[in-house]
>>> print(open('query_15.txt').read())   # compact mmCIF, C-alpha atoms and all ligand atoms
# COMPACT_ATOMS: atom_id res chain seq x y z
CA MET C 1 41.52 -90.22 -46.97
CA LEU C 2 38.67 -90.22 -49.50
CA LEU C 3 36.33 -93.19 -49.06
CA TRP C 4 34.83 -94.32 -52.35
CA ARG C 5 31.47 -96.00 -52.83
CA SER C 6 31.79 -98.85 -55.35
CA ASP C 7 27.98 -98.91 -55.85
CA SER C 8 28.16 -95.34 -57.22
CA ILE C 9 29.98 -96.77 -60.27
CA ALA C 10 28.20 -100.14 -60.42
CA VAL C 11 24.77 -98.48 -60.47
CA TRP C 12 25.40 -97.10 -63.97
CA ARG C 13 25.71 -100.61 -65.36
CA ASN C 14 22.00 -100.99 -64.76
CA GLU C 15 20.16 -100.23 -68.00
CA GLU C 16 16.96 -99.14 -66.22
CA VAL C 17 18.84 -96.61 -64.09
CA ARG C 18 20.56 -95.24 -67.20
CA ARG C 19 17.21 -94.98 -69.00
CA ARG C 20 15.40 -93.24 -66.16
CA LEU C 21 18.26 -90.85 -65.43
CA SER C 22 19.30 -90.45 -69.04
CA HIS C 23 19.52 -86.64 -68.97
CA TYR C 24 21.57 -86.57 -65.78
CA TYR C 25 23.78 -89.39 -67.10
CA LYS C 26 24.50 -87.55 -70.35
CA VAL C 27 25.32 -84.31 -68.52
CA MET C 28 27.63 -86.23 -66.21
CA LYS C 29 29.42 -87.80 -69.17
CA GLY C 30 29.77 -84.44 -70.92
CA GLU C 31 27.46 -85.45 -73.78
CA ARG C 32 24.90 -82.79 -72.88
CA ASN C 33 25.20 -79.23 -71.61
CA ALA C 34 23.90 -78.61 -68.11
CA LYS C 35 21.09 -76.04 -68.08
CA TYR C 36 23.04 -73.57 -65.94
CA ARG C 37 25.57 -73.25 -68.80
CA VAL C 38 22.88 -72.54 -71.38
CA VAL C 39 20.73 -70.17 -69.33
CA LYS C 40 23.08 -67.19 -69.67
CA ARG C 41 23.31 -67.70 -73.42
CA PHE C 42 19.58 -67.22 -73.85
CA PRO C 43 18.97 -63.56 -74.76
CA VAL C 44 16.19 -61.74 -72.92
CA ASP C 45 15.35 -58.09 -73.36
CA PHE C 46 14.43 -56.22 -70.17
CA SER C 47 15.18 -52.87 -68.57
CA ASP C 48 16.00 -51.64 -65.06
CA ASP C 49 12.81 -49.58 -64.83
CA MET C 50 10.57 -52.65 -65.07
CA THR C 51 8.65 -53.61 -61.92
CA VAL C 52 9.14 -56.96 -60.23
CA GLU C 53 5.67 -58.02 -61.41
CA GLU C 54 6.57 -57.18 -65.01
CA LEU C 55 9.86 -59.01 -64.70
CA MET C 56 8.23 -62.09 -63.23
CA SER C 57 5.63 -62.19 -65.93
CA LEU C 58 8.41 -61.89 -68.52
CA HIS C 59 10.23 -64.69 -66.73
CA SER C 60 7.20 -67.04 -67.00
CA GLU C 61 6.90 -66.27 -70.69
CA MET C 62 10.64 -66.80 -71.30
CA ARG C 63 10.67 -70.08 -69.41
CA ARG C 64 8.59 -71.69 -72.11
CA GLU C 65 10.81 -70.28 -74.84
CA PHE C 66 13.92 -71.33 -72.95
CA ASP C 67 12.80 -74.99 -73.09
CA GLU C 68 12.93 -74.81 -76.90
CA PHE C 69 16.24 -72.95 -76.83
CA TYR C 70 17.67 -75.59 -74.51
CA GLU C 71 16.47 -78.44 -76.74
CA GLU C 72 18.34 -76.81 -79.59
CA LYS C 73 21.58 -76.14 -77.63
CA MET C 74 21.53 -79.21 -75.43
CA GLU C 75 24.07 -81.24 -77.37
CA ARG C 76 25.85 -78.48 -79.26
CA GLU C 77 29.19 -76.98 -78.42
CA LEU C 78 28.59 -73.67 -76.65
CA THR C 79 30.32 -70.51 -77.81
CA ASP C 80 31.75 -67.81 -75.51
CA ASN C 81 29.14 -65.41 -76.80
CA ILE C 82 27.14 -64.30 -73.74
CA PRO C 83 24.48 -61.76 -74.75
CA HIS C 84 24.07 -58.65 -72.63
CA GLY C 85 20.56 -59.08 -71.30
CA ASN C 86 20.08 -62.80 -70.80
CA PHE C 87 17.89 -65.19 -68.85
CA LEU C 88 20.35 -65.50 -65.95
CA GLU C 89 20.59 -61.72 -65.59
CA LEU C 90 16.80 -61.55 -65.54
CA LYS C 91 16.68 -64.04 -62.66
CA ILE C 92 19.36 -62.07 -60.76
CA ARG C 93 17.45 -58.83 -61.25
CA ILE C 94 14.26 -60.39 -59.86
CA VAL C 95 16.06 -61.75 -56.78
CA LYS C 96 17.68 -58.37 -56.12
CA LEU C 97 14.28 -56.68 -56.16
CA LEU C 98 12.58 -59.35 -54.04
CA VAL C 99 15.23 -59.18 -51.31
CA ARG C 100 14.81 -55.43 -50.72
CA GLU C 101 11.74 -56.06 -48.55
CA CYS C 102 12.25 -59.75 -48.59
CA LYS C 103 9.72 -61.96 -50.30
CA LEU C 104 12.12 -64.72 -51.26
CA CYS C 105 10.24 -67.44 -49.40
CA GLU C 106 6.64 -68.08 -48.41
CA TRP C 107 7.02 -66.17 -45.14
CA ARG C 108 7.25 -62.97 -47.21
CA CYS C 109 8.24 -61.28 -43.98
CA GLY C 110 9.38 -58.07 -45.66
CA ALA C 111 12.70 -57.79 -43.77
CA ARG C 112 14.99 -55.13 -45.22
CA ARG C 113 17.89 -57.52 -45.33
CA LEU C 114 20.16 -55.30 -47.40
CA GLU C 115 19.91 -52.71 -44.61
CA GLY C 116 20.91 -55.30 -41.99
CA GLU C 117 17.47 -56.39 -40.77
CA ARG C 118 17.07 -60.09 -40.09
CA GLY C 119 14.07 -61.99 -41.37
CA VAL C 120 12.07 -64.85 -39.87
CA CYS C 121 14.83 -67.11 -41.22
CA GLY C 122 17.37 -65.17 -39.17
CA LEU C 123 19.28 -64.06 -42.24
CA ASP C 124 20.50 -60.58 -43.03
CA SER C 125 22.34 -59.59 -46.21
CA LYS C 126 25.32 -61.88 -45.55
CA VAL C 127 25.74 -65.43 -46.80
CA ARG C 128 27.50 -67.88 -44.48
CA VAL C 129 28.64 -71.41 -45.18
CA SER C 130 28.93 -74.03 -42.48
CA THR C 131 30.56 -76.81 -44.49
CA ALA C 132 31.32 -77.68 -48.11
CA PHE C 133 32.40 -81.16 -49.11
CA LEU C 134 31.88 -84.16 -51.36
CA HIS C 135 28.89 -85.98 -49.89
CA MET C 136 29.33 -89.75 -50.06
CA GLY C 137 26.14 -90.71 -48.26
CA GLU C 138 23.50 -90.03 -50.90
CA GLU C 139 21.78 -92.59 -53.15
CA ALA C 140 24.25 -94.34 -55.45
CA PRO C 141 23.63 -92.30 -58.67
CA LEU C 142 24.21 -89.08 -56.71
CA VAL C 143 27.55 -90.10 -55.20
CA PRO C 144 29.66 -88.08 -54.86
CA SER C 145 27.56 -84.93 -54.52
CA GLY C 146 29.18 -81.54 -54.23
CA THR C 147 27.42 -80.27 -51.10
CA ILE C 148 27.30 -76.83 -49.56
CA PHE C 149 25.56 -76.28 -46.24
CA PHE C 150 24.49 -72.66 -45.94
CA THR C 151 23.42 -71.44 -42.52
CA GLY C 152 19.92 -70.23 -41.65
CA CYS C 153 16.61 -71.61 -42.85
CA SER C 154 13.09 -70.35 -43.32
CA PHE C 155 11.52 -73.69 -42.33
CA LYS C 156 10.94 -74.36 -38.66
CA CYS C 157 11.05 -78.16 -38.60
CA VAL C 158 10.95 -79.48 -35.05
CA PHE C 159 13.25 -82.42 -35.74
CA CYS C 160 15.77 -80.66 -37.97
CA GLN C 161 18.90 -82.78 -38.34
CA ASN C 162 20.95 -79.63 -38.98
CA TYR C 163 19.54 -77.69 -36.04
CA ASP C 164 22.88 -76.16 -35.09
CA ILE C 165 23.19 -74.35 -38.42
CA SER C 166 19.56 -73.93 -39.49
CA THR C 167 18.60 -72.01 -36.35
CA ASN C 168 21.89 -70.16 -35.98
CA PRO C 169 22.72 -68.24 -39.18
CA PHE C 170 25.99 -67.04 -37.61
CA ASN C 171 27.33 -70.57 -37.23
CA GLY C 172 29.39 -70.41 -40.42
CA ILE C 173 31.95 -68.47 -42.41
CA GLU C 174 30.86 -65.41 -44.32
CA THR C 175 31.28 -65.74 -48.06
CA ASP C 176 30.11 -64.26 -51.36
CA PRO C 177 28.87 -65.87 -54.58
CA TYR C 178 32.17 -65.43 -56.44
CA SER C 179 34.35 -67.05 -53.75
CA THR C 180 31.79 -69.81 -53.21
CA ALA C 181 31.82 -70.66 -56.92
CA LEU C 182 35.64 -70.66 -57.02
CA GLU C 183 36.06 -72.83 -53.96
S1 LIG P 1 12.01 -65.59 -43.89
FE1 LIG P 1 13.99 -64.99 -44.79
S2 LIG P 1 13.90 -65.64 -46.95
FE2 LIG P 1 11.81 -65.70 -46.13
S3 LIG P 1 10.93 -63.71 -46.69
FE3 LIG P 1 11.77 -63.51 -44.61
S4 LIG P 1 13.87 -62.74 -44.87
FE4 LIG P 1 13.16 -63.53 -46.86
>>> encode(input="query_15.txt", output="structure tokens")
Amino acid sequence: MLLWRSDSIAVWRNEEVRRRLSHYYKVMKGERNAKYRVVKRFPVDFSDDMTVEELMSLHSEMRREFDEFYEEKMERELTDNIPHGNFLELKIRIVKLLVRECKLCEWRCGARRLEGERGVCGLDSKVRVSTAFLHMGEEAPLVPSGTIFFTGCSFKCVFCQNYDISTNPFNGIETDPYSTALE
């Protein structure tokens, strides 16, 4: 049985909430494109022989240009034309390079995760999900929230409310990005 939260609908009758969360509200109503849909339509020219530093510097530069591109595409119908060499691919390329001797978080522990080594976070190259569900317990404008709890964490908070999954990366089901997106 799905329990509904009546305040998650009532909250949008409040003009101040609608004003302050106007972007989110428009995306939710389908009047604006979410950024993740626009990011892969933004062409970026880069090559596989570029270093991670070069790619990151390009990324900073492109971020500013992307803001303008997004402004322009925000409320337009998007075409199926995805350029080869785009902002999303640039981000993926950077992540793939950073994870080789992992520097994905501030620990920068250098674990060779793709070769099976586990970092300070306890993670190797596999992604595991503990639970995925519609979260009904967030603040009213965020209900329901599509929530995915991945296992493992690079923080070491003493009072972690998800201790069982944050400190045990194996406490979940192995998945991959494609299946996660589909499910
Ligand atoms: S703690 Fe984990 S995410 Fe952070 S750098 Fe090490 S392996 Fe990467």
>>> closest_residue(input="query_15.txt", among="C:Lys103, C:His135, C:Lys26, C:Lys156", to="ligand LIG 1 (chain P)", atoms="all atoms listed in the file")
C:Lys103
>>> closest_residue(input="query_15.txt", among="C:Met74, C:Val44, C:Ala181, C:Cys153", to="ligand LIG 1 (chain P)", atoms="only C-alpha atoms and all ligand atoms")
C:Cys153
>>> closest_residue(input="query_15.txt", among="C:Glu183, C:Ser166, C:Glu106, C:Glu115", to="ligand LIG 1 (chain P)", atoms="all atoms listed in the file")
C:Glu106
>>> atom_distance(input="query_15.txt", atom1="CA of Val158 (chain C)", atom2="atom S1 of ligand LIG 1 (chain P)")
16.5 Å
>>> atom_distance(input="query_15.txt", atom1="atom S3 of ligand LIG 1 (chain P)", atom2="CA of Ser60 (chain C)")
20.9 Å
>>> residues_near_ligand(input="query_15.txt", ligand="ligand LIG 1 (chain P)", cutoff="10 Å", atoms="only C-alpha atoms and all ligand atoms", output="PyMOL selection string")
chain C and resi 98-113+117-125+152-155
>>> atom_distance(input="query_15.txt", atom1="CA of Gly146 (chain C)", atom2="CA of Leu134 (chain C)")
4.7 Å
>>> residues_around(input="query_15.txt", residues="Ser145 (chain C)", least_positions_apart="3", cutoff="12 Å", atoms="all atoms listed in the file", output="JSON, numbers by chain")
{"C": [5, 8, 28, 132, 133, 134, 135, 136, 137, 138, 139, 140, 141, 142, 148]}
>>> write_last_selection(input="query_15.txt", atoms="C-alpha atoms", output="mmCIF file, in the frame of the given file")
data_model
loop_
_atom_site.group_PDB
_atom_site.id
_atom_site.type_symbol
_atom_site.label_atom_id
_atom_site.label_comp_id
_atom_site.auth_asym_id
_atom_site.auth_seq_id
_atom_site.Cartn_x
_atom_site.Cartn_y
_atom_site.Cartn_z
ATOM 1 C CA ARG C 5 31.470 -96.000 -52.830
ATOM 2 C CA SER C 8 28.160 -95.340 -57.220
ATOM 3 C CA MET C 28 27.630 -86.230 -66.210
ATOM 4 C CA ALA C 132 31.320 -77.680 -48.110
ATOM 5 C CA PHE C 133 32.400 -81.160 -49.110
ATOM 6 C CA LEU C 134 31.880 -84.160 -51.360
ATOM 7 C CA HIS C 135 28.890 -85.980 -49.890
ATOM 8 C CA MET C 136 29.330 -89.750 -50.060
ATOM 9 C CA GLY C 137 26.140 -90.710 -48.260
ATOM 10 C CA GLU C 138 23.500 -90.030 -50.900
ATOM 11 C CA GLU C 139 21.780 -92.590 -53.150
ATOM 12 C CA ALA C 140 24.250 -94.340 -55.450
ATOM 13 C CA PRO C 141 23.630 -92.300 -58.670
ATOM 14 C CA LEU C 142 24.210 -89.080 -56.710
ATOM 15 C CA ILE C 148 27.300 -76.830 -49.560
#
>>> axis_aligned_box(input="query_15.txt", around="region 89-96 of chain C", padding_each_side="4 Å", output="AutoDock Vina command-line options")
--center_x 17.4 --center_y -61.2 --center_z -60.9 --size_x 14.3 --size_y 13.7 --size_z 17.5
>>> closest_residue(input="query_15.txt", among="C:Ser179, C:Ser47, C:Thr147, C:Ser130", to="Asn86 (chain C)", atoms="only C-alpha atoms")
C:Ser47
>>> residues_around(input="query_15.txt", residues="region 67-69 of chain C", least_positions_apart="6", cutoff="12 Å", atoms="all atoms listed in the file", output="MDAnalysis selection string")
chainID C and resid 35 38:44 60:61 75:76 87
>>> residues_near_point(input="query_15.txt", point="(12.1, -59.4, -67.2)", cutoff="12 Å", atoms="all atoms listed in the file", output="PyMOL selection string")
chain C and resi 43-63+85-95+97
>>> write_last_selection(input="query_15.txt", atoms="C-alpha atoms", output="short mmCIF file (atom, residue, chain, number, x, y, z; two decimals), keeping the file's coordinate frame")
data_model
loop_
_atom_site.label_atom_id
_atom_site.label_comp_id
_atom_site.auth_asym_id
_atom_site.auth_seq_id
_atom_site.Cartn_x
_atom_site.Cartn_y
_atom_site.Cartn_z
CA PRO C 43 18.97 -63.56 -74.76
CA VAL C 44 16.19 -61.74 -72.92
CA ASP C 45 15.35 -58.09 -73.36
CA PHE C 46 14.43 -56.22 -70.17
CA SER C 47 15.18 -52.87 -68.57
CA ASP C 48 16.00 -51.64 -65.06
CA ASP C 49 12.81 -49.58 -64.83
CA MET C 50 10.57 -52.65 -65.07
CA THR C 51 8.65 -53.61 -61.92
CA VAL C 52 9.14 -56.96 -60.23
CA GLU C 53 5.67 -58.02 -61.41
CA GLU C 54 6.57 -57.18 -65.01
CA LEU C 55 9.86 -59.01 -64.70
CA MET C 56 8.23 -62.09 -63.23
CA SER C 57 5.63 -62.19 -65.93
CA LEU C 58 8.41 -61.89 -68.52
CA HIS C 59 10.23 -64.69 -66.73
CA SER C 60 7.20 -67.04 -67.00
CA GLU C 61 6.90 -66.27 -70.69
CA MET C 62 10.64 -66.80 -71.30
CA ARG C 63 10.67 -70.08 -69.41
CA GLY C 85 20.56 -59.08 -71.30
CA ASN C 86 20.08 -62.80 -70.80
CA PHE C 87 17.89 -65.19 -68.85
CA LEU C 88 20.35 -65.50 -65.95
CA GLU C 89 20.59 -61.72 -65.59
CA LEU C 90 16.80 -61.55 -65.54
CA LYS C 91 16.68 -64.04 -62.66
CA ILE C 92 19.36 -62.07 -60.76
CA ARG C 93 17.45 -58.83 -61.25
CA ILE C 94 14.26 -60.39 -59.86
CA VAL C 95 16.06 -61.75 -56.78
CA LEU C 97 14.28 -56.68 -56.16
#
>>> residues_around(input="query_15.txt", residues="Ile173 (chain C)", least_positions_apart="3", cutoff="12 Å", atoms="only C-alpha atoms", output="list in words")
Lys126, Val127, Arg128, Val129, Ser130, Thr131, Ala132, Ile148, Phe149, Phe150, Thr151, Ile165, Pro169, Phe170, Asp176, Ser179 and Thr180 of chain C
>>> closest_residue(input="query_15.txt", among="C:Asn168, C:Asn162, C:Asn81, C:Ser6", to="Arg37 (chain C)", atoms="all atoms listed in the file")
C:Asn81
